[in-house]
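Everything below belongs to query.cif, which stores mmCIF, C-alpha atoms.
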```cif
data_work
#
loop_
_atom_site.label_atom_id
_atom_site.label_comp_id
_atom_site.auth_asym_id
_atom_site.auth_seq_id
_atom_site.Cartn_x
_atom_site.Cartn_y
_atom_site.Cartn_z
CA MET Z 1 0.00 0.00 0.00
CA ARG Z 2 1.30 3.46 -0.87
CA ARG Z 3 2.19 5.51 2.18
CA VAL Z 4 2.48 9.23 2.60
CA ARG Z 5 5.36 10.52 4.70
CA ARG Z 6 4.60 12.90 7.54
CA ARG Z 7 6.76 14.98 9.85
CA CYS Z 8 6.63 12.51 12.76
CA GLY Z 9 6.10 9.24 10.94
CA TRP Z 10 3.56 8.06 8.41
CA ALA Z 11 -0.14 7.86 7.76
CA ARG Z 12 -2.10 5.74 5.33
CA SER Z 13 -3.03 7.62 2.21
CA SER Z 14 -6.59 6.31 2.33
CA PRO Z 15 -8.88 4.44 4.72
CA ARG Z 16 -8.46 0.70 4.77
CA PRO Z 17 -11.56 -1.46 4.76
CA SER Z 18 -12.38 -3.09 8.07
CA ARG Z 19 -12.21 -6.84 8.27
CA GLY Z 20 -14.48 -8.88 10.43
CA ALA Z 21 -16.63 -5.95 11.50
CA THR Z 22 -20.35 -6.61 11.74
CA PRO Z 23 -22.06 -3.21 11.88
CA ARG Z 24 -25.78 -3.07 12.50
CA ARG Z 25 -26.28 -0.76 9.55
CA SER Z 26 -23.65 0.24 7.10
CA PHE Z 27 -23.87 2.77 4.28
CA LYS Z 28 -21.13 3.73 1.89
CA ASP Z 29 -19.22 6.66 3.32
CA PRO Z 30 -19.51 9.18 1.82
CA SER Z 31 -22.81 8.67 0.04
CA PHE Z 32 -26.03 10.59 -0.34
CA ARG Z 33 -28.04 7.71 1.14
CA ARG Z 34 -25.91 7.66 4.30
CA SER Z 35 -26.10 11.43 4.76
CA LEU Z 36 -29.86 11.47 4.23
CA THR Z 37 -30.35 8.65 6.74
CA LEU Z 38 -28.28 10.47 9.37
CA PHE Z 39 -30.04 13.77 8.70
CA ARG Z 40 -33.45 12.17 9.15
CA ALA Z 41 -32.26 10.68 12.43
CA PHE Z 42 -31.02 14.09 13.61
CA LEU Z 43 -34.46 15.58 12.99
CA HIS Z 44 -35.83 13.17 15.59
CA GLU Z 45 -33.05 13.59 18.14
CA GLN Z 46 -35.39 15.07 20.73
CA ASP Z 47 -38.32 12.65 20.38
CA ASP Z 48 -36.32 9.49 19.58
CA PRO Z 49 -32.77 9.86 20.94
CA GLU Z 50 -32.29 6.08 21.16
CA SER Z 51 -32.62 5.60 17.40
CA CYS Z 52 -30.69 8.75 16.58
CA TYR Z 53 -27.66 8.09 18.73
CA SER Z 54 -27.57 4.35 18.11
CA LEU Z 55 -27.37 5.04 14.37
CA LEU Z 56 -24.74 7.73 14.88
CA ALA Z 57 -22.68 5.40 17.09
CA THR Z 58 -22.79 2.63 14.50
CA ASP Z 59 -21.71 5.06 11.80
CA ALA Z 60 -18.88 6.51 13.91
CA VAL Z 61 -17.43 3.11 14.82
CA ASN Z 62 -17.65 2.15 11.14
CA GLN Z 63 -15.45 5.19 10.45
CA VAL Z 64 -12.93 4.21 13.12
CA GLU Z 65 -12.68 0.70 11.68
CA ALA Z 66 -12.37 2.03 8.14
CA TYR Z 67 -9.25 3.96 9.14
CA ASP Z 68 -7.75 1.55 11.65
CA GLY Z 69 -9.20 -1.93 11.21
CA PRO Z 70 -11.44 -3.93 13.59
CA VAL Z 71 -11.61 -2.74 17.18
CA THR Z 72 -12.01 -6.24 18.62
CA GLY Z 73 -9.73 -6.74 21.60
CA ARG Z 74 -8.50 -3.14 21.57
CA THR Z 75 -8.70 -0.53 24.31
CA VAL Z 76 -10.94 2.43 23.45
CA VAL Z 77 -11.30 5.57 25.56
CA ASP Z 78 -14.52 7.50 24.85
CA VAL Z 79 -14.16 11.05 26.16
CA GLY Z 80 -17.35 13.06 26.58
CA GLY Z 81 -19.58 10.29 25.24
CA GLY Z 82 -22.69 11.34 27.17
CA SER Z 83 -25.11 8.49 27.73
CA GLY Z 84 -22.67 5.93 26.38
CA TYR Z 85 -24.04 5.02 22.95
CA PHE Z 86 -20.56 5.09 21.41
CA THR Z 87 -19.01 3.12 24.26
CA GLU Z 88 -21.69 0.45 23.98
CA GLU Z 89 -21.20 0.15 20.22
CA PHE Z 90 -17.44 -0.29 20.65
CA ARG Z 91 -18.11 -2.98 23.24
CA ARG Z 92 -20.61 -4.70 20.99
CA ARG Z 93 -17.81 -5.14 18.47
CA GLY Z 94 -15.47 -6.65 21.02
CA ALA Z 95 -13.48 -3.62 22.16
CA HIS Z 96 -12.51 -2.88 25.76
CA ALA Z 97 -14.25 0.50 25.79
CA TYR Z 98 -14.50 2.94 28.69
CA LEU Z 99 -16.55 6.11 29.02
CA PHE Z 100 -15.17 9.27 30.65
CA GLU Z 101 -17.85 11.96 30.98
CA PRO Z 102 -17.46 15.20 32.98
CA ASP Z 103 -21.17 16.03 33.32
CA VAL Z 104 -23.26 13.59 35.36
CA ARG Z 105 -26.40 15.12 33.86
CA GLU Z 106 -25.38 13.74 30.47
CA LEU Z 107 -25.02 10.14 31.64
CA GLY Z 108 -28.69 9.21 31.60
CA GLN Z 109 -30.36 6.66 33.84
CA LYS Z 110 -28.12 3.69 32.99
CA PRO Z 111 -24.60 4.60 31.85
CA PRO Z 112 -22.27 1.79 30.74
CA ASP Z 113 -20.63 -0.23 33.50
CA GLY Z 114 -17.33 1.23 34.57
CA THR Z 115 -18.19 4.79 33.51
CA VAL Z 116 -15.94 7.40 35.12
CA VAL Z 117 -16.95 10.99 35.83
CA ALA Z 118 -13.83 12.84 34.79
CA ASP Z 119 -12.65 16.10 33.24
CA GLY Z 120 -11.39 15.73 29.69
CA TYR Z 121 -8.54 18.11 30.53
CA LEU Z 122 -7.23 15.71 33.18
CA LEU Z 123 -8.14 12.10 32.55
CA PRO Z 124 -7.35 9.63 35.37
CA LEU Z 125 -5.34 7.44 33.00
CA SER Z 126 -1.69 6.60 32.50
CA ASP Z 127 0.15 7.68 29.39
CA GLY Z 128 -0.43 5.62 26.26
CA VAL Z 129 -3.10 3.25 27.58
CA ALA Z 130 -5.54 3.55 24.65
CA ASP Z 131 -5.34 2.03 21.19
CA VAL Z 132 -8.13 4.38 20.12
CA THR Z 133 -9.15 7.64 21.79
CA PHE Z 134 -12.56 8.80 20.66
CA SER Z 135 -14.30 12.16 21.03
CA SER Z 136 -17.53 12.89 19.18
CA ASN Z 137 -18.83 16.46 19.09
CA VAL Z 138 -17.05 17.59 22.25
CA LEU Z 139 -14.41 20.04 21.05
CA GLU Z 140 -16.90 22.88 20.61
CA HIS Z 141 -17.86 22.50 24.27
CA VAL Z 142 -14.39 23.05 25.76
CA ALA Z 143 -12.82 26.43 26.37
CA ASP Z 144 -9.29 25.26 25.53
CA PRO Z 145 -9.37 22.85 22.58
CA GLN Z 146 -5.59 22.49 22.34
CA THR Z 147 -5.22 21.40 25.96
CA PHE Z 148 -8.09 18.96 25.43
CA LEU Z 149 -6.38 17.52 22.34
CA SER Z 150 -3.12 17.25 24.25
CA GLU Z 151 -4.83 15.11 26.87
CA LEU Z 152 -6.40 12.86 24.23
CA THR Z 153 -2.95 12.45 22.71
CA ARG Z 154 -1.29 11.72 26.04
CA VAL Z 155 -3.52 8.74 26.82
CA THR Z 156 -3.13 7.28 23.30
CA ARG Z 157 -0.31 4.84 22.68
CA PRO Z 158 2.34 5.75 20.07
CA GLY Z 159 0.87 4.76 16.73
CA GLY Z 160 -2.64 4.75 18.15
CA LEU Z 161 -5.63 6.47 16.56
CA ILE Z 162 -7.39 9.62 17.76
CA TYR Z 163 -10.89 10.32 16.43
CA VAL Z 164 -12.13 13.88 16.97
CA SER Z 165 -15.19 15.51 15.46
CA PHE Z 166 -16.83 18.84 16.19
CA THR Z 167 -19.53 21.16 14.89
CA ASN Z 168 -17.86 24.33 13.69
CA TRP Z 169 -19.44 27.62 14.72
CA LEU Z 170 -20.26 28.96 11.26
CA SER Z 171 -21.96 25.77 10.09
CA PRO Z 172 -25.78 25.76 9.91
CA TRP Z 173 -25.80 23.77 13.18
CA GLY Z 174 -23.13 25.83 14.93
CA GLY Z 175 -25.59 27.25 17.44
CA HIS Z 176 -26.89 23.79 18.34
CA GLU Z 177 -30.47 23.98 19.60
CA TRP Z 178 -30.77 27.67 18.67
CA ALA Z 179 -29.33 27.25 15.16
CA PRO Z 180 -29.43 28.69 12.55
CA TRP Z 181 -30.30 31.91 14.34
CA HIS Z 182 -26.78 32.09 15.79
CA TYR Z 183 -25.85 33.83 12.53
CA LEU Z 184 -27.74 36.85 13.92
CA GLY Z 185 -25.90 36.69 17.24
CA ALA Z 186 -25.84 34.25 20.13
CA GLU Z 187 -27.92 36.27 22.58
CA ARG Z 188 -30.59 37.02 20.01
CA ALA Z 189 -30.72 33.34 19.07
CA ARG Z 190 -31.00 32.25 22.71
CA ALA Z 191 -33.79 34.75 23.34
CA ARG Z 192 -35.69 33.49 20.29
CA TYR Z 193 -35.32 29.90 21.48
CA ARG Z 194 -36.81 30.79 24.86
CA ARG Z 195 -39.74 32.62 23.28
CA ARG Z 196 -40.42 29.70 20.96
CA THR Z 197 -40.07 26.84 23.46
CA GLY Z 198 -40.84 28.48 26.78
CA LYS Z 199 -37.63 27.16 28.34
CA PRO Z 200 -34.03 28.39 28.52
CA ALA Z 201 -31.52 27.08 26.00
CA LYS Z 202 -29.14 24.37 27.14
CA HIS Z 203 -26.10 26.08 25.66
CA THR Z 204 -24.61 29.48 26.36
CA LEU Z 205 -21.84 30.86 24.19
CA GLY Z 206 -18.66 31.26 26.20
CA GLU Z 207 -19.82 28.92 28.96
CA ASN Z 208 -20.58 25.48 27.51
CA LEU Z 209 -20.43 26.27 23.80
CA PHE Z 210 -17.54 27.95 22.01
CA ALA Z 211 -16.98 29.35 18.55
CA VAL Z 212 -14.54 26.83 17.07
CA HIS Z 213 -13.43 27.38 13.47
CA ILE Z 214 -12.07 24.86 10.97
CA GLY Z 215 -9.20 26.91 9.56
CA ALA Z 216 -7.74 27.79 12.96
CA THR Z 217 -8.17 24.24 14.25
CA LEU Z 218 -6.44 22.70 11.22
CA ARG Z 219 -3.51 25.09 11.53
CA GLN Z 220 -3.12 24.30 15.22
CA VAL Z 221 -3.33 20.54 14.75
CA ARG Z 222 -0.91 20.50 11.82
CA ALA Z 223 1.59 22.52 13.85
CA ARG Z 224 1.69 19.89 16.60
CA ASP Z 225 4.66 17.51 16.78
CA ASP Z 226 2.88 14.75 18.73
CA VAL Z 227 0.28 13.77 16.12
CA THR Z 228 0.06 13.33 12.39
CA VAL Z 229 -3.12 14.11 10.45
CA VAL Z 230 -4.41 11.02 8.68
CA ALA Z 231 -7.59 12.71 7.45
CA ALA Z 232 -9.44 15.99 7.78
CA ARG Z 233 -12.89 15.72 6.23
CA SER Z 234 -16.53 16.52 6.59
CA ARG Z 235 -18.08 13.91 8.85
CA TYR Z 236 -21.52 13.83 7.22
CA TRP Z 237 -21.14 15.44 3.78
CA PRO Z 238 -22.39 13.12 1.01
CA PHE Z 239 -19.77 14.08 -1.58
CA LEU Z 240 -16.51 16.00 -1.87
CA ASP Z 241 -16.04 15.33 1.83
CA ARG Z 242 -12.32 16.09 1.70
CA ALA Z 243 -12.35 18.74 -1.00
CA VAL Z 244 -14.74 21.05 0.85
CA VAL Z 245 -12.38 21.15 3.85
CA LYS Z 246 -9.60 22.47 1.61
CA ALA Z 247 -11.56 25.55 0.53
CA PRO Z 248 -10.93 28.47 2.95
CA GLY Z 249 -14.07 30.40 3.79
CA ILE Z 250 -16.42 27.95 2.12
CA ARG Z 251 -15.44 25.19 4.53
CA GLU Z 252 -16.57 27.20 7.54
CA LEU Z 253 -20.12 27.10 6.23
CA ALA Z 254 -20.28 23.94 4.13
CA THR Z 255 -18.40 21.35 6.19
CA TRP Z 256 -21.07 21.25 8.91
CA ASN Z 257 -18.98 18.96 11.11
CA LEU Z 258 -15.24 18.42 10.87
CA LEU Z 259 -13.81 14.94 11.41
CA LEU Z 260 -10.13 14.69 12.29
CA ILE Z 261 -8.42 11.32 12.20
CA LEU Z 262 -5.07 11.68 13.95
CA ARG Z 263 -2.29 9.23 14.73
CA ARG Z 264 -0.09 9.54 17.78
CA CYS Z 265 3.52 10.01 16.80
CA PRO Z 266 6.19 7.53 17.92
CA ARG Z 267 8.12 8.62 20.97
#
```
Show this structure as structure tokens.
Amino acid sequence: MRRVRRRCGWARSSPRPSRGATPRRSFKDPSFRRSLTLFRAFLHEQDDPESCYSLLATDAVNQVEAYDGPVTGRTVVDVGGGSGYFTEEFRRRGAHAYLFEPDVRELGQKPPDGTVVADGYLLPLSDGVADVTFSSNVLEHVADPQTFLSELTRVTRPGGLIYVSFTNWLSPWGGHEWAPWHYLGAERARARYRRRTGKPAKHTLGENLFAVHIGATLRQVRARDDVTVVAARSRYWPFLDRAVVKAPGIRELATWNLLLILRRCPR
């Protein structure tokens, strides 16, 4: 297989197909059918979170296996995984997966066994214990993304995989529950949400939601000497998933959600 040299080692030039994986539902990635299925699930996130997040977890683990092979028998650290859908899907495929979640309110009534309430800035783990470190849609909720990424890298073994995705601020979903009105300003969007629903918004800009941008994040990650970038792509986009990320300006709107596949550099 052709390999592309990187500053601290190497990364595969393209995802490798997973062997032995048995996903519940698998769609070609990227494909219009897959994107449409995920979008329909997102529309029912509030009234049917079980279906929505189970589908998203299956899709995310499919992506991990596409880039790094089957997770069976491997140690996976899920940071900020909420109710544990991702952790449970990793376990279903034979991984030794562990959930670390800082907010007990996000855990739900029955979190996975062995769940640890822990800050993503300071995980209670030794260096290099994880084969895969996984973080889905967390980066936009931390005030210091680079410190958060440093901690994910620390607990990943040399050569291990780091999966990070986040919703960028200028995407149509950047404001989360009060999107797309965040384009008119966060406070105005929050006020509209309260008028429309009769309840306060879950997220507040600068407190538990932060304006993270793709261009700045890519520059920061590429400047690091402890990881190499295997892929930077749109997580959900049905076509041109890599090309759109390469277009400054356009990517801030069109990417919707950036997926970074990183590999921990050798010591």
I want to know what sits within 10 Å of Tyr163 (chain Z), based on only C-alpha atoms, with residues of the same chain fewer than 4 positions away left out; could you give that as a PyMOL selection string?
chain Z and resi 60-61+63-64+67+78+132-136+152+231+259-263
Tell me which residues come within 10 Å of (-29.2, 8.6, 16.2), as a VMD selection string, counting all atoms listed in the file in the file's coordinates.
chain Z and resid 37 to 45 48 to 59 85
What's around Thr167 (chain Z) at 12 Å? Count all atoms listed in the file, leave out sequence neighbours fewer than 4 positions away in its own chain, and write the answer as a ChimeraX atom specification.
/Z:136-141,171-176,179,209-214,217,234-236,251-260
Show which residues sit within 9 Å of Thr87 (chain Z), as a PyMOL selection string. Count all atoms listed in the file, and ignore same-chain residues fewer than 2 positions away.
chain Z and resi 57+76-78+81+83-85+89-92+95-99+112
Find the distance between CA of Lys202 (chain Z) and CA of Leu123 (chain Z) and write it in Å to one decimal.
24.9 Å
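If all atoms listed in the file are the atoms counted, then among Z:Val71, Z:Ala66, Z:Leu125, Z:Leu107 the closest residue to Glu151 (chain Z) is Z:Leu125.
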So how far away is CA of Gln109 (chain Z) from CA of Thr197 (chain Z), in Å?
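Atom-to-atom, CA of Thr197 (chain Z) and CA of Gln109 (chain Z) are spaced 24.7 Å apart.
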